[in-house]
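K.L.:
Take this structure first; my questions come after.
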Amino acid sequence: MTPGTLIDQAAAELAQIVGVDFVDATKTGRYARARVPAPFPVHRLSERLPDLVVMPSCTAEVADIVRLANQLRIPVVPRDGGTGLTDGAVPARGGIIVDVKRLNAIKEIDTDNRTCTVGAGINMLKLNEVLAEVGLIYPDDPASYPCSLVGGRIGTSGWSLIGSRYGHTRDLVLSFELVTPTGDVINVGDGGGRKVSKSSSGYQLKHLFMGHQGTLGIATEATLKLFPKPEAELSPFWAFSDFDDAYRCAGALARAGLATFAGAVLFDEEKVAYLRRDDEAYIPQPRDVRALVCATAYGNEAEVRAAGRVLMGVARDHRGRYLGDEISEGDWASRHDRYATPLHGRTSSGQVVPMSWHCEDAAINYTALPAVRAEWHAIARQLIKSYDVFDDWGMFFYTNGATGVDYLTEIDIGIWEQNLDDPAWAAWVQAKRDLANASLAHGGSISACHGSCREGEVDLVPNELGGGYDVMLAIKRVLDPNNIMNPGKYGLDAAYESAGRSA
Amino acid sequence: MSYRHVDQHPPDRFRQVTDQAGHRLEQVYEVNPDLMRSHVEQQLMPIWDTQRIVEARAEHLKWMHRHWAQVTVSGAELLAELDADTQADTATSHYAAANPQADDSYPSHEELT
């Protein structure tokens, strides 16, 4: 934690920058900015509090805040919606949280070039309500759609439910303004133009400044690619008697080559069993339903209808049973808002307990999915056997892109956090490490979607990236010489340790 | 507005659908109360509040559909079209198999050879 006198000095100077009403040192304000959807280890939450919260209103104020922090050597952590699943927005060493929610203006809607320029603190749902008035949409669609913000999507390089049709955040953000760790303001995109979708001029810096989990700066403004609001959507769900048929069906759906195809999702037997506990769509399903597949399509109605007939045919050929319009449409609509789901798990005796949702994700090639599934569930079984505070909520596999080469692979684990203690926490961290190791052993990546900053996975990032990780360290040291921007994440402290050793 | 017990309290009888869940109100599923005896206390929900939540959720899902697209294509319709095409194809192939002489618009194999 930062010494109190230094915090007092920072608070006084921050009040000069943003106004006294937008500097918050209260316990409520600080705890509110330490929470994330799956806070863990919750029994150590008080270790992750910021010292101050500041809410700037423009890029110039953000730059002034960062320059002050750099001068005083106080950690700075950018926070957008706080919906990330790898603690990017959670301070590891106290300091200043820069809450960007006041940067939420729509600055321009360019209907001719189909772009808009917005403050990074705007939410996609609210933006799309305005864009709908001119028949356009910004199709970045995380499971946290109603509450995550554009800037957080940049900082985490977000994954979209309909990314197989429209691309993910990295594809949808054309350019953005960024305050670097030393307080400089730069614009990064393809080349120098704000609205250019492909440039071969210079290094491609856009991707470097996406997905860094707040360690390389704070996005303050973004120019986004827009699409016509779709005329039609389709989201059929099918039931299968065994996982193998469902697996083959998901692969065939992704390989069908349909332009309006927006994604295919495969749910395994453990996930179906979890859904049967309290989901009205699945409680009444016959006992022989052991796997589910969903496909989605968006576009002009004629295209979606034509594609839909192909998708329905593929599923029928793989013995998929259509679950009907009510279940299909209702389930899909609810997936745009998955963070509102109430959660409860089961003890080994079957009793209901309140549990928090924890999940591990990976990017896995289609051909490796069955093997990874088997290994991950075995790891989960061992964990549950050791501590009766864990519950296996099943796995799903979601196409990463249009060709079906790899899938966002996720296992959901319930944790009874009221009974979590240090030994159980250590077992969970080891399980996470085992899950990540299995992903790497099968040629995958530790994370397709959430990032890999948390304990139990972060120590394997150098293994995954090899020499690329050394480049990460070198970049961090050059851009953030005093290690003030979200320190303690991604093992990047090593950048400064090696500098010390070589000096 | 007067208080009526029947508007406030769901029926006592819990109809079990699976070992995990059942319902007291039509189509409003609840977790089996037997599974909530050790660690979770159940709350008495007035019927009107349960119905409000159910209706609000349905309204939210409907809103979400229109938020993303103007029309939701019915999978059931597409499947019916697919089944009709398959039946027509099957009928045609059965008819053709049963009536090899019926289609005289093309030359026969013998004629071609």
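Just remember, in the structure tokens the first chain shown is A, the second B, etc., residues are 1-based per chain, and ligands are 1-based in the order shown.
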Only residues of chain A matter here; which ones have an atom within 6 Å of chain B, counting only C-alpha atoms? Give them as a compact mmCIF listing (two decimals) with N, CA and C atoms, in the first residue's frame.
P.N.:
```txt
# COMPACT_ATOMS: atom_id res chain seq x y z
N PRO A 230 -29.08 -5.94 -38.08
CA PRO A 230 -29.58 -7.10 -38.83
C PRO A 230 -31.10 -7.07 -38.98
N GLU A 231 -31.55 -7.47 -40.17
CA GLU A 231 -32.99 -7.66 -40.36
C GLU A 231 -33.47 -8.85 -39.53
N ALA A 232 -32.63 -9.90 -39.53
CA ALA A 232 -33.13 -11.16 -38.95
C ALA A 232 -32.06 -11.86 -38.12
N GLU A 233 -32.53 -12.61 -37.13
CA GLU A 233 -31.66 -13.48 -36.33
C GLU A 233 -32.29 -14.86 -36.27
N LEU A 234 -31.43 -15.84 -36.05
CA LEU A 234 -31.89 -17.23 -35.89
C LEU A 234 -30.99 -17.88 -34.86
N PRO A 236 -31.27 -21.61 -33.38
CA PRO A 236 -31.81 -22.92 -33.01
C PRO A 236 -30.94 -23.66 -31.99
N ARG A 277 -30.87 -28.35 -13.10
CA ARG A 277 -31.15 -28.03 -11.69
C ARG A 277 -32.20 -26.93 -11.55
N ARG A 309 -31.94 -23.03 -43.18
CA ARG A 309 -32.33 -24.34 -43.71
C ARG A 309 -31.12 -25.27 -43.77
N ALA A 333 -31.60 -15.28 -26.23
CA ALA A 333 -31.76 -13.89 -25.78
C ALA A 333 -31.13 -13.70 -24.40
N GLN A 351 -26.98 -31.12 -1.15
CA GLN A 351 -27.67 -29.96 -0.59
C GLN A 351 -27.27 -28.68 -1.32
N VAL A 352 -28.23 -27.76 -1.43
CA VAL A 352 -28.00 -26.48 -2.11
C VAL A 352 -27.19 -25.54 -1.22
N VAL A 353 -26.18 -24.91 -1.82
CA VAL A 353 -25.41 -23.87 -1.12
C VAL A 353 -25.21 -22.70 -2.07
```
K.L.:
Write out as a PyMOL selection string which residues come within 8 Å of region 210-226 of chain A when counting only C-alpha atoms, dropping same-chain ones fewer than 2 positions away.
P.N.:
chain A and resi 58-59+62+77-78+88-89+100+103+114-121+136-139+150-151+154-158+170+172-181+194-195+206-208+228+451+476+479-480+485-487+489
K.L.:
Please save C-alpha atoms of the selected residues as a PDB file, in the first residue's frame.
P.N.:
```pdb
ATOM      1  CA  CYS A  58     -11.816  13.916 -20.510  1.00  0.00           C
ATOM      2  CA  THR A  59      -8.558  12.613 -21.968  1.00  0.00           C
ATOM      3  CA  VAL A  62      -6.645  11.246 -17.517  1.00  0.00           C
ATOM      4  CA  VAL A  77      -5.326   0.947 -12.269  1.00  0.00           C
ATOM      5  CA  PRO A  78      -7.823   1.715 -15.050  1.00  0.00           C
ATOM      6  CA  GLY A  88      -7.392  -6.708 -14.644  1.00  0.00           C
ATOM      7  CA  ALA A  89      -9.429  -3.956 -12.951  1.00  0.00           C
ATOM      8  CA  VAL A 100     -13.654   6.036 -16.730  1.00  0.00           C
ATOM      9  CA  LEU A 103     -16.030   9.348 -20.465  1.00  0.00           C
ATOM     10  CA  ARG A 114     -20.233   3.622 -40.955  1.00  0.00           C
ATOM     11  CA  THR A 115     -18.171   4.513 -37.927  1.00  0.00           C
ATOM     12  CA  CYS A 116     -18.777   6.170 -34.620  1.00  0.00           C
ATOM     13  CA  THR A 117     -16.398   7.823 -32.173  1.00  0.00           C
ATOM     14  CA  VAL A 118     -17.182   7.445 -28.486  1.00  0.00           C
ATOM     15  CA  GLY A 119     -15.731   7.946 -25.049  1.00  0.00           C
ATOM     16  CA  ALA A 120     -14.253   4.692 -23.729  1.00  0.00           C
ATOM     17  CA  GLY A 121     -16.646   4.690 -20.777  1.00  0.00           C
ATOM     18  CA  LEU A 136     -26.805   0.724 -37.443  1.00  0.00           C
ATOM     19  CA  ILE A 137     -25.271  -1.510 -34.787  1.00  0.00           C
ATOM     20  CA  TYR A 138     -21.913  -2.010 -33.066  1.00  0.00           C
ATOM     21  CA  PRO A 139     -21.935  -5.813 -32.774  1.00  0.00           C
ATOM     22  CA  VAL A 150     -15.921  -0.080 -24.708  1.00  0.00           C
ATOM     23  CA  GLY A 151     -12.647   0.815 -22.945  1.00  0.00           C
ATOM     24  CA  ILE A 154     -10.062  -2.705 -25.529  1.00  0.00           C
ATOM     25  CA  GLY A 155      -7.998  -3.346 -22.392  1.00  0.00           C
ATOM     26  CA  THR A 156      -8.974  -7.016 -22.356  1.00  0.00           C
ATOM     27  CA  SER A 157      -9.195  -7.554 -26.155  1.00  0.00           C
ATOM     28  CA  GLY A 158     -12.705  -8.849 -25.645  1.00  0.00           C
ATOM     29  CA  ARG A 170      -9.857  -6.283 -31.987  1.00  0.00           C
ATOM     30  CA  LEU A 172     -14.405  -3.940 -34.471  1.00  0.00           C
ATOM     31  CA  VAL A 173     -12.320  -1.136 -32.940  1.00  0.00           C
ATOM     32  CA  LEU A 174     -10.733   0.830 -35.786  1.00  0.00           C
ATOM     33  CA  SER A 175      -8.565   3.094 -33.648  1.00  0.00           C
ATOM     34  CA  PHE A 176      -8.378   4.541 -30.168  1.00  0.00           C
ATOM     35  CA  GLU A 177      -6.813   7.265 -28.074  1.00  0.00           C
ATOM     36  CA  LEU A 178      -4.564   6.026 -25.286  1.00  0.00           C
ATOM     37  CA  VAL A 179      -2.862   7.657 -22.334  1.00  0.00           C
ATOM     38  CA  THR A 180       0.485   5.911 -21.907  1.00  0.00           C
ATOM     39  CA  PRO A 181       2.022   5.113 -18.482  1.00  0.00           C
ATOM     40  CA  ARG A 194      -8.789   7.200 -37.240  1.00  0.00           C
ATOM     41  CA  LYS A 195     -11.190   5.452 -39.621  1.00  0.00           C
ATOM     42  CA  LYS A 206      -3.374  -1.472 -32.290  1.00  0.00           C
ATOM     43  CA  HIS A 207      -3.068  -5.071 -31.140  1.00  0.00           C
ATOM     44  CA  LEU A 208      -0.183  -4.238 -28.795  1.00  0.00           C
ATOM     45  CA  PRO A 228     -26.412  -2.379 -40.612  1.00  0.00           C
ATOM     46  CA  GLY A 451      -7.077 -13.231 -20.050  1.00  0.00           C
ATOM     47  CA  LYS A 476       6.690  -2.888 -20.456  1.00  0.00           C
ATOM     48  CA  LEU A 479       6.756   2.262 -21.868  1.00  0.00           C
ATOM     49  CA  ASP A 480       6.332   2.216 -18.078  1.00  0.00           C
ATOM     50  CA  MET A 485       0.505   1.168 -14.578  1.00  0.00           C
ATOM     51  CA  ASN A 486      -1.405  -1.710 -12.946  1.00  0.00           C
ATOM     52  CA  PRO A 487       1.696  -3.263 -11.339  1.00  0.00           C
ATOM     53  CA  LYS A 489      -0.158  -8.194 -13.315  1.00  0.00           C
TER      54      LYS A 489
END
```
K.L.:
What does the structure give for the distance between CA of Gly192 (chain A) and CA of Glu61 (chain A), in Å to one decimal?
P.N.:
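Interatomic distance here is 23.4 Å.
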K.L.:
Please report the interatomic distance between CA of Gln382 (chain A) and CA of Asp434 (chain A) in Å with one decimal.
P.N.:
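Taking CA of Gln382 (chain A) as the start and CA of Asp434 (chain A) as the end point, the length is 11.1 Å.
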K.L.:
I'd like the interatomic distance between CA of Val98 (chain A) and CA of Asp51 (chain A), to a tenth of an Å.
P.N.:
11.3 Å
K.L.:
Could you name the residues that touch Cys453 (chain A) at 7 Å or less, counting only C-alpha atoms, but leaving out those on the same chain fewer than 5 positions away, as number ranges by chain?
P.N.:
A: 86-87, 458, 489-490
K.L.:
Smallest atom-to-atom distance to Met45 (chain B): which of B:His9, B:Phe14, B:Glu59, B:Asp85, using only C-alpha atoms?
P.N.:
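Among B:His9, B:Phe14, B:Glu59, B:Asp85, it is B:His9 that comes nearest to Met45 (chain B).
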K.L.:
As a ChimeraX atom specification, please: the residues near region 19-33 of chain A (cut-off 6 Å, only C-alpha atoms, same-chain neighbours under 6 positions excluded).
P.N.:
/A:50,52-55
K.L.:
Check region 119-267 of chain A with DSSP on the backbone and list each residue it calls alpha helix (DSSP H), as JSON, numbers by chain.
P.N.:
{"A": [124, 125, 126, 127, 128, 129, 130, 131, 150, 151, 152, 153, 154, 155, 156, 163, 164, 165, 166, 169, 170, 171, 172, 205, 206, 207, 208, 243, 244, 245, 246, 247, 248, 249, 250, 251, 252, 253, 254]}
K.L.:
Would you put the residues from that selection into a file with C-alpha atoms, as a short mmCIF file (atom, residue, chain, number, x, y, z; two decimals), in the first residue's frame?
P.N.:
```cif
data_model
loop_
_atom_site.label_atom_id
_atom_site.label_comp_id
_atom_site.auth_asym_id
_atom_site.auth_seq_id
_atom_site.Cartn_x
_atom_site.Cartn_y
_atom_site.Cartn_z
CA MET A 124 -22.38 -1.09 -25.89
CA LEU A 125 -26.07 -1.61 -25.15
CA LYS A 126 -26.62 2.10 -24.53
CA LEU A 127 -24.60 2.94 -27.66
CA ASN A 128 -26.67 0.52 -29.77
CA GLU A 129 -29.92 2.08 -28.58
CA VAL A 130 -28.75 5.34 -30.19
CA LEU A 131 -27.30 3.67 -33.29
CA VAL A 150 -15.92 -0.08 -24.71
CA GLY A 151 -12.65 0.81 -22.94
CA GLY A 152 -12.65 -2.41 -20.94
CA ARG A 153 -13.21 -4.35 -24.14
CA ILE A 154 -10.06 -2.70 -25.53
CA GLY A 155 -8.00 -3.35 -22.39
CA THR A 156 -8.97 -7.02 -22.36
CA GLY A 163 -17.61 -12.93 -33.29
CA SER A 164 -17.77 -15.64 -35.96
CA ARG A 165 -19.96 -13.27 -38.00
CA TYR A 166 -18.70 -9.79 -37.12
CA THR A 169 -13.26 -6.37 -30.26
CA ARG A 170 -9.86 -6.28 -31.99
CA ASP A 171 -11.65 -6.41 -35.36
CA LEU A 172 -14.41 -3.94 -34.47
CA LEU A 205 0.37 -1.00 -32.71
CA LYS A 206 -3.37 -1.47 -32.29
CA HIS A 207 -3.07 -5.07 -31.14
CA LEU A 208 -0.18 -4.24 -28.80
CA PHE A 243 -21.66 -35.97 -26.75
CA ASP A 244 -19.98 -37.46 -29.82
CA ASP A 245 -22.93 -36.72 -32.13
CA ALA A 246 -23.19 -33.21 -30.72
CA TYR A 247 -19.44 -32.66 -31.14
CA ARG A 248 -19.54 -33.78 -34.78
CA CYS A 249 -22.61 -31.61 -35.38
CA ALA A 250 -20.97 -28.47 -33.96
CA GLY A 251 -17.94 -29.04 -36.21
CA ALA A 252 -20.14 -29.56 -39.28
CA LEU A 253 -22.16 -26.41 -38.54
CA ALA A 254 -18.98 -24.33 -38.33
#
```
K.L.:
Taking into account only C-alpha atoms, which residue in the set A:Val478, A:Gln204, A:Leu45, A:Ala494 is nearest to Pro462 (chain A)?
P.N.:
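Residue with the minimum atom-to-atom distance to Pro462 (chain A): A:Ala494.
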K.L.:
Tell me, as a ChimeraX atom specification, which residues lie within 12 Å of Gln9 (chain A), counting only C-alpha atoms; anything in the same chain fewer than 2 positions away does not count.
P.N.:
/A:2-7,11-16,52,68-69,71-72,74
K.L.:
Can those selected residues be exported to a file as a PDB file, in the first residue's frame so that it contains N, CA and C atoms?
P.N.:
```
ATOM      1  N   THR A   2       0.294   2.311  -0.553  1.00  0.00           N
ATOM      2  CA  THR A   2       1.008   3.576  -0.641  1.00  0.00           C
ATOM      3  C   THR A   2       0.943   4.295   0.710  1.00  0.00           C
ATOM      4  N   PRO A   3       2.044   4.926   1.167  1.00  0.00           N
ATOM      5  CA  PRO A   3       2.013   5.642   2.464  1.00  0.00           C
ATOM      6  C   PRO A   3       0.911   6.705   2.491  1.00  0.00           C
ATOM      7  N   GLY A   4       0.288   6.846   3.696  1.00  0.00           N
ATOM      8  CA  GLY A   4      -0.844   7.752   3.845  1.00  0.00           C
ATOM      9  C   GLY A   4      -0.537   9.194   3.468  1.00  0.00           C
ATOM     10  N   THR A   5       0.653   9.679   3.812  1.00  0.00           N
ATOM     11  CA  THR A   5       0.962  11.083   3.509  1.00  0.00           C
ATOM     12  C   THR A   5       1.018  11.309   1.995  1.00  0.00           C
ATOM     13  N   LEU A   6       1.527  10.308   1.300  1.00  0.00           N
ATOM     14  CA  LEU A   6       1.598  10.422  -0.160  1.00  0.00           C
ATOM     15  C   LEU A   6       0.189  10.397  -0.772  1.00  0.00           C
ATOM     16  N   ILE A   7      -0.678   9.560  -0.202  1.00  0.00           N
ATOM     17  CA  ILE A   7      -2.058   9.495  -0.677  1.00  0.00           C
ATOM     18  C   ILE A   7      -2.758  10.829  -0.427  1.00  0.00           C
ATOM     19  N   ALA A  11      -4.390  13.016  -3.248  1.00  0.00           N
ATOM     20  CA  ALA A  11      -5.814  13.368  -3.215  1.00  0.00           C
ATOM     21  C   ALA A  11      -6.004  14.859  -3.431  1.00  0.00           C
ATOM     22  N   ALA A  12      -5.143  15.650  -2.798  1.00  0.00           N
ATOM     23  CA  ALA A  12      -5.261  17.105  -2.938  1.00  0.00           C
ATOM     24  C   ALA A  12      -4.983  17.526  -4.377  1.00  0.00           C
ATOM     25  N   GLU A  13      -3.964  16.933  -4.987  1.00  0.00           N
ATOM     26  CA  GLU A  13      -3.620  17.329  -6.364  1.00  0.00           C
ATOM     27  C   GLU A  13      -4.642  16.785  -7.369  1.00  0.00           C
ATOM     28  N   LEU A  14      -5.173  15.601  -7.088  1.00  0.00           N
ATOM     29  CA  LEU A  14      -6.212  15.042  -7.975  1.00  0.00           C
ATOM     30  C   LEU A  14      -7.469  15.913  -7.941  1.00  0.00           C
ATOM     31  N   ALA A  15      -7.782  16.442  -6.775  1.00  0.00           N
ATOM     32  CA  ALA A  15      -8.956  17.321  -6.667  1.00  0.00           C
ATOM     33  C   ALA A  15      -8.772  18.564  -7.531  1.00  0.00           C
ATOM     34  N   GLN A  16      -7.530  19.018  -7.664  1.00  0.00           N
ATOM     35  CA  GLN A  16      -7.253  20.154  -8.550  1.00  0.00           C
ATOM     36  C   GLN A  16      -7.499  19.784 -10.014  1.00  0.00           C
ATOM     37  N   LEU A  52      -7.475   5.313  -3.467  1.00  0.00           N
ATOM     38  CA  LEU A  52      -8.299   6.425  -3.942  1.00  0.00           C
ATOM     39  C   LEU A  52      -9.007   6.019  -5.227  1.00  0.00           C
ATOM     40  N   LEU A  68       0.764  12.667 -12.765  1.00  0.00           N
ATOM     41  CA  LEU A  68       0.926  12.860 -11.314  1.00  0.00           C
ATOM     42  C   LEU A  68       1.324  11.539 -10.644  1.00  0.00           C
ATOM     43  N   ALA A  69       0.645  10.475 -11.005  1.00  0.00           N
ATOM     44  CA  ALA A  69       0.942   9.166 -10.406  1.00  0.00           C
ATOM     45  C   ALA A  69       2.374   8.749 -10.722  1.00  0.00           C
ATOM     46  N   GLN A  71       4.847  10.735 -11.359  1.00  0.00           N
ATOM     47  CA  GLN A  71       5.759  11.604 -10.594  1.00  0.00           C
ATOM     48  C   GLN A  71       5.853  11.147  -9.134  1.00  0.00           C
ATOM     49  N   LEU A  72       4.706  10.740  -8.563  1.00  0.00           N
ATOM     50  CA  LEU A  72       4.689  10.335  -7.150  1.00  0.00           C
ATOM     51  C   LEU A  72       4.969   8.837  -6.965  1.00  0.00           C
ATOM     52  N   ILE A  74       2.959   6.318  -7.643  1.00  0.00           N
ATOM     53  CA  ILE A  74       1.773   5.653  -7.076  1.00  0.00           C
ATOM     54  C   ILE A  74       1.146   4.775  -8.159  1.00  0.00           C
TER      55      ILE A  74
END
```
K.L.:
Would you mind listing what lies within 10 Å of Pro46 (chain B) as number ranges by chain, with only C-alpha atoms counted and same-chain residues fewer than 4 positions away left out?
P.N.:
B: 5-10, 50-52
K.L.:
Nearest to Arg290 (chain A) among A:Val461, A:Val272, A:Ala474, A:Val304, with distances taken over only C-alpha atoms: which residue is it?
P.N.:
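That would be A:Val272, the residue with the smallest distance to Arg290 (chain A).
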